[in-house]
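What follows is my_file.cif (mmCIF, C-alpha atoms).
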```
data_run
loop_
_atom_site.label_atom_id
_atom_site.label_comp_id
_atom_site.auth_asym_id
_atom_site.auth_seq_id
_atom_site.Cartn_x
_atom_site.Cartn_y
_atom_site.Cartn_z
CA MET A 179 3.74 -8.28 -95.26
CA ASN A 180 6.50 -10.75 -94.57
CA LEU A 181 6.63 -11.56 -98.24
CA LEU A 182 7.10 -7.87 -99.06
CA LYS A 183 9.90 -7.51 -96.53
CA THR A 184 11.62 -10.62 -97.82
CA SER A 185 11.34 -9.40 -101.40
CA CYS A 186 12.81 -6.03 -100.45
CA LEU A 187 15.68 -7.72 -98.62
CA ILE A 188 16.44 -9.98 -101.57
CA ALA A 189 16.32 -7.05 -104.00
CA THR A 190 18.67 -5.03 -101.77
CA LEU A 191 21.10 -7.91 -101.41
CA ALA A 192 21.02 -8.58 -105.14
CA SER A 193 21.78 -4.96 -105.97
CA LEU A 194 24.56 -4.84 -103.38
CA ALA A 195 26.09 -7.98 -104.82
CA GLY A 196 26.44 -6.27 -108.14
CA CYS A 197 28.32 -3.28 -106.86
CA ALA A 198 29.61 -3.68 -103.33
CA PHE A 199 32.86 -5.28 -104.43
CA ASP A 200 33.53 -3.08 -107.40
CA LEU A 201 33.80 0.29 -105.76
CA VAL A 202 37.54 0.75 -105.91
CA SER A 203 39.02 1.69 -109.22
CA VAL A 204 42.30 3.22 -110.32
CA SER A 205 41.87 6.91 -111.13
CA GLN A 206 43.03 7.40 -114.72
CA LYS A 207 43.54 10.34 -117.04
CA PRO A 208 43.83 10.20 -120.81
CA VAL A 209 47.41 10.78 -121.92
CA THR A 210 49.48 11.20 -125.06
CA PHE A 211 52.36 8.74 -125.15
CA ALA A 212 55.34 9.33 -127.44
CA PRO A 213 57.57 6.24 -127.61
CA GLY A 214 61.36 6.51 -127.31
CA GLY A 215 62.69 9.76 -125.99
CA GLY A 216 66.32 9.09 -125.31
CA SER A 217 68.60 6.60 -123.66
CA GLY A 218 67.88 7.58 -120.09
CA SER A 219 68.24 4.87 -117.49
CA PHE A 220 68.80 4.55 -113.77
CA GLN A 221 69.02 2.02 -110.97
CA LEU A 222 66.87 2.39 -107.88
CA ALA A 223 68.86 2.65 -104.66
CA LYS A 224 65.97 1.91 -102.31
CA GLU A 225 62.63 0.15 -102.40
CA VAL A 226 59.73 2.49 -103.11
CA ARG A 227 56.11 1.97 -102.09
CA ALA A 228 53.74 4.12 -104.09
CA GLY A 229 50.06 4.31 -103.25
CA LEU A 230 47.21 5.38 -105.47
CA GLY A 231 44.72 5.42 -102.63
CA THR A 232 43.27 2.06 -103.62
CA GLY A 233 44.67 0.17 -100.64
CA PHE A 234 47.08 -1.78 -102.82
CA PRO A 235 50.45 0.02 -102.97
CA THR A 236 52.81 -0.68 -105.85
CA VAL A 237 56.29 -1.70 -104.76
CA LEU A 238 59.34 -0.83 -106.85
CA ARG A 239 62.24 -2.98 -105.71
CA ALA A 240 65.69 -1.73 -104.82
CA ASP A 241 68.45 -2.41 -107.40
CA THR A 242 66.04 -2.61 -110.31
CA THR A 243 67.21 -0.96 -113.54
CA TRP A 244 64.81 1.25 -115.47
CA LYS A 245 65.05 2.46 -119.06
CA GLN A 246 63.13 5.26 -120.65
CA VAL A 247 60.56 3.99 -123.12
CA GLY A 248 58.62 7.15 -123.84
CA THR A 249 57.31 10.51 -122.79
CA THR A 250 53.94 11.88 -121.75
CA GLU A 251 52.76 15.34 -120.80
CA PHE A 252 53.07 14.22 -117.16
CA GLY A 253 56.71 13.12 -117.43
CA GLU A 254 59.10 10.52 -118.78
CA VAL A 255 57.98 6.89 -118.87
CA PHE A 256 60.38 4.18 -117.66
CA ALA A 257 60.07 0.39 -117.76
CA THR A 258 62.08 -2.46 -116.26
CA LYS A 259 62.66 -6.12 -117.00
CA ASP A 260 63.61 -6.76 -113.37
CA GLN A 261 60.10 -6.92 -111.95
CA ILE A 262 56.44 -6.76 -112.88
CA VAL A 263 54.88 -3.37 -112.25
CA LYS A 264 51.16 -3.32 -111.69
CA VAL A 265 48.60 -1.02 -110.18
CA GLU A 266 45.75 -2.66 -108.41
CA ALA A 267 42.24 -1.89 -107.25
CA SER A 268 39.25 -4.05 -108.10
CA ASN A 269 41.07 -4.80 -111.33
CA ILE A 270 44.79 -5.11 -112.01
CA HIS A 271 46.67 -3.16 -114.68
CA GLU A 272 50.21 -3.72 -115.88
CA ALA A 273 52.03 -0.41 -115.64
CA GLU A 274 55.18 1.60 -116.31
CA ILE A 275 56.40 4.40 -114.09
CA VAL A 276 56.24 8.11 -114.86
CA LEU A 277 58.95 10.43 -113.53
CA SER A 278 59.19 14.16 -113.44
CA GLU A 279 62.36 15.78 -112.07
CA ARG A 280 63.50 12.57 -110.38
CA SER A 281 60.16 12.12 -108.65
CA LEU A 282 57.69 9.35 -109.27
CA VAL A 283 54.48 11.14 -110.19
CA GLY A 284 52.35 8.24 -111.33
CA PHE A 285 51.98 5.27 -113.65
CA TYR A 286 51.42 4.89 -117.35
CA LEU A 287 49.01 2.08 -118.19
CA PRO A 288 50.08 0.90 -121.67
CA VAL A 289 46.95 -1.15 -122.39
CA GLU A 290 44.50 1.57 -121.36
CA LYS A 291 46.85 4.33 -122.60
CA THR A 292 46.10 6.38 -119.51
CA PHE A 293 47.97 8.01 -116.65
CA ALA A 294 47.28 7.06 -113.02
CA PRO A 295 48.56 9.89 -110.80
CA LEU A 296 49.97 9.53 -107.31
CA SER A 297 48.40 11.78 -104.70
CA HIS A 298 51.90 12.78 -103.57
CA PRO A 299 55.02 12.51 -105.78
CA VAL A 300 57.81 10.34 -104.36
CA LEU A 301 61.41 11.46 -104.76
CA LEU A 302 63.49 8.54 -106.01
CA GLU A 303 67.04 7.76 -104.96
CA PHE A 304 69.28 6.57 -107.78
CA LYS A 305 72.49 4.57 -107.52
CA MET B 289 24.33 -38.99 -83.92
CA LYS B 290 26.20 -35.69 -83.75
CA LYS B 291 29.41 -37.47 -84.73
CA THR B 292 27.73 -39.09 -87.72
CA ILE B 293 26.44 -35.76 -88.96
CA GLN B 294 29.88 -34.19 -88.55
CA SER B 295 31.50 -37.07 -90.46
CA ALA B 296 28.94 -36.76 -93.24
CA ILE B 297 29.58 -33.02 -93.54
CA VAL B 298 33.36 -33.52 -93.64
CA MET B 299 33.02 -36.27 -96.25
CA ALA B 300 30.64 -34.21 -98.36
CA GLY B 301 33.10 -31.31 -98.20
CA ALA B 302 36.00 -33.54 -99.19
CA ILE B 303 34.05 -34.99 -102.11
CA LEU B 304 33.03 -31.53 -103.25
CA VAL B 305 36.63 -30.31 -103.15
CA CYS B 306 37.99 -33.38 -104.92
CA THR B 307 35.39 -33.35 -107.67
CA GLY B 308 36.00 -29.65 -108.26
CA CYS B 309 39.74 -29.98 -108.89
CA ALA B 310 41.54 -30.57 -112.16
CA SER B 311 42.51 -34.20 -112.69
CA GLY B 312 44.56 -34.17 -115.89
CA PRO B 313 48.31 -34.68 -116.21
CA ARG B 314 50.58 -32.46 -114.16
CA PHE B 315 52.56 -29.64 -115.78
CA ALA B 316 55.86 -31.52 -115.56
CA GLU B 317 54.39 -34.49 -117.44
CA VAL B 318 52.53 -32.67 -120.14
CA SER B 319 54.51 -29.49 -120.80
CA LYS B 320 57.13 -31.36 -122.83
CA THR B 321 54.44 -32.22 -125.36
CA PHE B 322 53.42 -28.61 -125.91
CA PRO B 323 54.49 -27.18 -129.27
CA ALA B 324 57.28 -24.62 -129.27
CA LEU B 325 56.17 -21.04 -129.70
CA SER B 326 55.72 -20.09 -133.33
CA PRO B 327 57.56 -17.00 -134.56
CA GLY B 328 55.53 -13.88 -133.95
CA GLN B 329 53.70 -15.38 -130.98
CA GLY B 330 53.78 -15.13 -127.20
CA ARG B 331 52.43 -17.58 -124.64
CA VAL B 332 50.23 -16.96 -121.60
CA TYR B 333 49.93 -19.67 -118.96
CA VAL B 334 46.81 -19.33 -116.83
CA TYR B 335 46.61 -21.36 -113.63
CA ARG B 336 44.68 -21.61 -110.39
CA LYS B 337 46.59 -23.18 -107.53
CA ALA B 338 44.08 -22.63 -104.73
CA VAL B 339 41.38 -25.19 -103.90
CA LEU B 340 39.39 -22.66 -101.87
CA GLY B 341 36.05 -21.98 -103.51
CA ALA B 342 36.38 -25.06 -105.69
CA ALA B 343 32.76 -24.92 -106.78
CA VAL B 344 33.32 -21.50 -108.34
CA GLN B 345 34.83 -22.11 -111.78
CA PRO B 346 34.06 -19.20 -114.10
CA GLN B 347 35.14 -18.99 -117.71
CA VAL B 348 38.40 -17.21 -118.39
CA LYS B 349 38.21 -14.72 -121.24
CA LEU B 350 41.01 -13.19 -123.25
CA ASN B 351 39.92 -9.96 -124.90
CA GLY B 352 36.34 -11.17 -124.54
CA GLU B 353 36.94 -14.63 -126.02
CA ALA B 354 36.46 -17.67 -123.77
CA VAL B 355 39.78 -19.53 -123.64
CA GLY B 356 39.39 -21.79 -120.61
CA ARG B 357 37.92 -22.28 -117.19
CA ALA B 358 39.23 -21.42 -113.73
CA VAL B 359 39.52 -24.98 -112.45
CA PRO B 360 41.24 -25.34 -109.07
CA LYS B 361 44.69 -26.94 -109.37
CA GLY B 362 44.39 -26.60 -113.13
CA PHE B 363 46.18 -24.72 -115.89
CA PHE B 364 45.99 -24.06 -119.60
CA TYR B 365 47.83 -21.87 -122.05
CA VAL B 366 47.11 -19.69 -125.04
CA ASP B 367 49.46 -18.55 -127.78
CA ARG B 368 48.75 -15.14 -129.22
CA ALA B 369 50.33 -12.43 -131.33
CA PRO B 370 52.21 -9.76 -129.37
CA GLY B 371 49.93 -6.99 -128.17
CA GLU B 372 47.62 -5.73 -125.47
CA TYR B 373 45.38 -8.18 -123.69
CA LYS B 374 42.66 -8.18 -121.06
CA ILE B 375 42.10 -11.37 -119.12
CA SER B 376 38.81 -11.48 -117.25
CA THR B 377 36.56 -13.69 -115.18
CA THR B 378 33.03 -13.03 -114.03
CA THR B 379 31.09 -14.29 -111.03
CA GLU B 380 29.08 -11.60 -109.23
CA VAL B 381 31.28 -8.98 -110.83
CA GLU B 382 33.95 -8.96 -113.49
CA ARG B 383 37.58 -9.06 -112.41
CA SER B 384 40.21 -8.27 -115.01
CA LEU B 385 43.91 -7.93 -115.66
CA SER B 386 45.31 -5.81 -118.47
CA MET B 387 48.75 -6.82 -119.67
CA LEU B 388 51.19 -6.71 -122.55
CA LEU B 389 52.48 -9.78 -124.39
CA GLY B 390 55.74 -9.53 -126.28
CA ASP B 391 57.06 -11.55 -129.23
CA GLY B 392 58.49 -14.84 -127.93
CA GLU B 393 57.52 -13.92 -124.39
CA THR B 394 55.95 -16.30 -121.86
CA ARG B 395 53.82 -14.84 -119.09
CA TYR B 396 52.10 -16.39 -116.10
CA VAL B 397 48.65 -15.41 -114.85
CA ARG B 398 47.50 -16.80 -111.51
CA LEU B 399 43.79 -16.98 -110.72
CA GLY B 400 43.16 -16.07 -107.09
CA ILE B 401 39.90 -16.11 -105.19
CA SER B 402 38.51 -13.52 -102.83
CA LEU B 403 35.36 -13.21 -100.78
CA GLY B 404 32.19 -12.15 -102.49
CA PHE B 405 28.71 -11.30 -101.34
CA PHE B 406 26.96 -14.46 -102.53
CA VAL B 407 29.81 -16.16 -104.34
CA GLY B 408 33.60 -15.83 -104.38
CA HIS B 409 35.38 -13.64 -106.91
CA VAL B 410 38.05 -15.18 -109.10
CA TYR B 411 40.63 -12.59 -110.11
CA PRO B 412 43.51 -12.86 -112.58
CA GLU B 413 46.91 -11.65 -111.40
CA LEU B 414 50.14 -11.31 -113.34
CA VAL B 415 53.02 -13.00 -111.51
CA GLU B 416 56.79 -13.04 -111.95
CA ASP B 417 58.10 -15.83 -114.22
CA ARG B 418 60.00 -17.52 -111.40
CA VAL B 419 56.84 -17.60 -109.25
CA GLY B 420 54.63 -18.86 -112.07
CA GLU B 421 57.13 -21.51 -113.16
CA LYS B 422 57.22 -22.89 -109.63
CA GLU B 423 53.53 -22.74 -108.78
CA ILE B 424 52.26 -24.18 -112.05
CA GLN B 425 54.22 -27.40 -111.48
CA LYS B 426 51.53 -28.62 -109.09
CA CYS B 427 48.67 -27.92 -111.49
CA SER B 428 47.01 -30.26 -113.96
CA TYR B 429 46.35 -29.53 -117.60
CA THR B 430 42.78 -28.56 -118.41
CA GLY B 431 43.29 -27.90 -122.15
CA PRO B 432 43.64 -28.29 -125.04
CA THR B 433 40.32 -28.08 -126.85
CA ASN B 434 39.62 -24.46 -126.00
CA CYS B 435 43.21 -23.25 -125.79
CA LYS B 436 44.19 -23.18 -129.45
CA PRO B 437 45.28 -19.87 -130.90
#
```
What is this structure when it is put down as structure tokens?
Amino acid sequence: MNLLKTSCLIATLASLAGCAFDLVSVSQKPVTFAPGGGSGSFQLAKEVRAGLGTGFPTVLRADTTWKQVGTTEFGEVFATKDQIVKVEASNIHEAEIVLSERSLVGFYLPVEKTFAPLSHPVLLEFK
Amino acid sequence: MKKTIQSAIVMAGAILVCTGCASGPRFAEVSKTFPALSPGQGRVYVYRKAVLGAAVQPQVKLNGEAVGRAVPKGFFYVDRAPGEYKISTTTEVERSLSMLLGDGETRYVRLGISLGFFVGHVYPELVEDRVGEKEIQKCSYTGPTNCKP
């Protein structure tokens, strides 16, 4: 009986080990990315903290300069050389920001070619 | 008796930590001997500064290809064509970083460690150049045999 209990416990622990730490992932949607799209640029006036509900907010620093690098159906995509932008859950993804009508609506993940939406858009303040 | 046991445990821990760390030349000594980046290539430095979890040293893979090992206080580099890359390590679960590498660009990937169920998780994290350049100075080279492009 003890052997059975021990076996069950080991099996449970083993299965938990395989999944317990991999529950959080960045929600992503397939997206069509068109590179270019104009010479739009801006400088952030204030730091922005944008959460995807993963527990790891992405921070966009004040005074960073962003240039448009493309367009998606969710908005214009901007990138910066002033900081690394990444979205994080169990795994980490390098990202670019997606704006629609001056609001940050999510992130474009250039490797995965997907869009990670914010639960609530964040209005950005430009300099 | 209690003191002897405590001393033995401390010594065993110290030996375990020391034997688990990289012991090659430091970055400052060896980096001058590294070849300059070839045209049409970018460089990725991968380093692990933490000693915590020294016994956990998974392979580091770049787009599925083993390119090195996550040795505490160690570093290595890989030169690759510009493009999209996924750096991953696996212990209980896989941890990965997806990133872009530009032509002539140098990027720094730090290997951190977090708690796991049975064993710690080593996770790759992209860091700013100024952070990577500073932190890697204290690491020892663990290449070059498996770090060639």
Practice item. Grab the CA of Ser311 in chain B to CA of Val419 in chain B distance for me, in Å with one decimal place. Key: 22.2 Å
**Study point:** Expansion of the PyMOL selection byres ((chain B) within 10 of (chain A)) into residues, as a list in words
**Key:** Gly371, Glu372, Tyr373, Lys374, Ile375, Ser376, Thr379, Glu380, Val381, Glu382, Arg383, Ser384, Leu385, Ser386, Met387, Leu388, Leu403, Gly404, Phe405, Phe406, Val407, His409, Tyr411, Pro412, Glu413, Leu414, Val415, Glu416 and Asp417 of chain B
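Proximity of A:Phe285, A:Phe304, A:Phe220, A:Phe234 to Thr250 in chain A, computed with all atoms listed in the file, is greatest for A:Phe285.
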Exercise for review: Starting from the shown file, work through the PyMOL selection byres ((chain A and resi 276) around 6) and note down what comes out as a count of residues only.
Suggested key: 9
Practice item. Report as a list in words the residues that result from applying the PyMOL selection byres ((chain A and resi 256) around 6) to the structure here. Key: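 Checked against the file, the PyMOL selection byres ((chain A and resi 256) around 6) matches Trp244, Lys245, Gln246, Val247, Val255, Ala257, Glu274 and Ile275 of chain A.
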Exercise for review: Record the distance separating CA of Arg314 in chain B and CA of Ala342 in chain B, expressed in Å with one decimal.
Suggested key: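 Going from CA of Arg314 in chain B over to CA of Ala342 in chain B covers 18.1 Å.
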Review point. Suppose you want the space between CA of Leu222 in chain A and CA of Ser278 in chain A; what is it in Å?
Key: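 Interatomic distance here is 15.1 Å.
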Exercise for review: Using only C-alpha atoms, pick whichever of A:His298, A:Lys207, A:Lys305, A:Lys224 has the shortest atom-to-atom distance to Phe252 in chain A.
Suggested key: A:Lys207
